[in-house]
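J.: Following this message is one structure expressed as structure tokens.
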Amino acid sequence: MSKLKEFCTKKTLLGLGLGQFLSLLITSTGFASSELARKGINAPTSQSFLNYVLLAIVYGGIMLYRREKLKAKWYYYLILGVIDVEANFLVVKAYQYTSLTSVMLLDCWSIPSVMILTWIFLKTKYRFKKITGVVVCVAGLVAVVFSDVHSGDWSGGSKPLLGDGLVIAGATLYAVSNVSEEFLVKNADRVELMALLGFFGAIISAIQIAILERTELKSIHWSAGAAFPFFGFALAMFLFYSFVPVLLKMTGSTMLNLSLLSSDMWAVLIRIFAYHQKVDWIYFIAFGAVVVGLVIYSGGAADEDRSADVADENAERSKHDEEAGAVANRGRGLLAGSSSKSG
């Protein structure tokens, strides 16, 4: 019972809840993109462009109001903007060449990539409980892949090797982007990060649209059915980008990527209740595995927080002991001095 109370800390519960909120936002962007694709609209960079513009306007306005100097070099945000834009582009592009099963493995690849990068650059240490949580989450996603194979809901794709390469490249860029954002949000400022990521992301996206999607945009016949998912995608992405730094600062980039694993599961639930589609029973086992893995990982994070608190208390106590000892020594010195004088 005491362990349950220790686990159910405000920080842990907020991290789990926020992670699932972000997962639902990613699920909604996926359904918006599929709806646009169903209507023959294939302009992934254009969809992301509006999100970057919103970030630049909202958070850029806050930055101008503050009138503060940049806490990180501007070219860091330029590099991050390039990485973020191209990660989004590569992942969407991969769907044209490889199977759904291969693209789903993107989540698996980004998690070890994030863990390696945070271990190398951010000096993050992962204990056994956290690693166990990661393994359980990945096992859940592998179960989803087997479910696709079992139900026959997959295809080889036109160029599977090229598509798999795009998936791996996109997953690696996502990992680099998440770890960079975690570093910047912990060492710079969240508003600054969002404003400059939006600013440079919008510029890079505009250049890419002019080169790759100009013809596609001209051919779109805009209607309410096309505009709603297009702007809905942008709004969901804006909310996702706005809350990601909060979760990164609270729990780190590994927890973010683990939380996003459940987006596939939420998509399944939407298919069941909104579209009344039948899904394979393995999906439910996979969903349970992801939830259990997240709880195990969060429990490991809570243990580390308590260890850190104990270490801080011990350090504070030793500091007080040293100060008390110094005062006592000064007192003894004064007494010795006064006794020698009296002698």
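Going through the structure tokens in order, the chains are called A, B, and so on, while each chain numbers its residues from 1 and the ligands are numbered from 1 in the order shown.
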Do a neighbour search on segment 166-175 of chain A at 10 Å with only C-alpha atoms, toss out local chain neighbours closer than 2 positions, and write the hits as a PyMOL selection string.

T.: chain A and resi 80+82-95+97-98+102-118+160-164+177-181+253-254+257

J.: Work out how far apart atom CA of Leu184 of chain A and atom CA of Lys71 of chain A are and give it in Å to one decimal.

T.: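 Distance between the two atoms: 9.1 Å.
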
J.: Nearest to Ala188 of chain A among A:Arg66, A:Thr12, A:Ser46, A:Trp74, with distances taken over only C-alpha atoms: which residue is it?

T.: A:Trp74

J.: Would you compute the distance between atom CA of Val292 of chain A and atom CA of Leu261 of chain A? Give it in Å to one decimal.

T.: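 For atom CA of Val292 of chain A relative to atom CA of Leu261 of chain A, the distance reads 12.2 Å.
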
J.: Can you work out the spacing between atom CA of Ile204 of chain A and atom CA of Met250 of chain A in Å, to one decimal?

T.: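 It comes out at 29.4 Å.
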
J.: Which residues, written as an MDAnalysis selection string, have at least one atom at most 8 Å from Pro229 of chain A, with only C-alpha atoms counted and residues fewer than 4 positions away on the same chain left out?

T.: chainID A and resid 32:33 35:36 225 233

J.: Mind checking which residues fall within 12 Å of Leu70 of chain A, counting only C-alpha atoms, ignoring those fewer than 3 positions away in the same chain, and posting them as a list in words?

T.: Met63, Leu64, Arg66, Arg67, Lys73, Trp74, Tyr75, Tyr76, Tyr77, Leu184, Asn187, Ala188, Asp189, Arg190, Val191, Glu192, Leu193, Ala195 and Leu196 of chain A

J.: Which residue, A:Leu256, A:Lys11, A:His276, A:Val135, has the smallest gap to Phe240 of chain A when you use only C-alpha atoms?

T.: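 Closest to Phe240 of chain A, using only C-alpha atoms: A:Leu256.
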
J.: Do a neighbour search on Val53 of chain A at 8 Å with only C-alpha atoms, toss out local chain neighbours closer than 6 positions, and write the hits as a count of residues only.

T.: 3

J.: Please return as a PyMOL selection string: the residues of segment 236-281 of chain A that backbone DSSP assigns to helix (DSSP H, G or I).

T.: chain A and resi 236-251+253-261+263-273
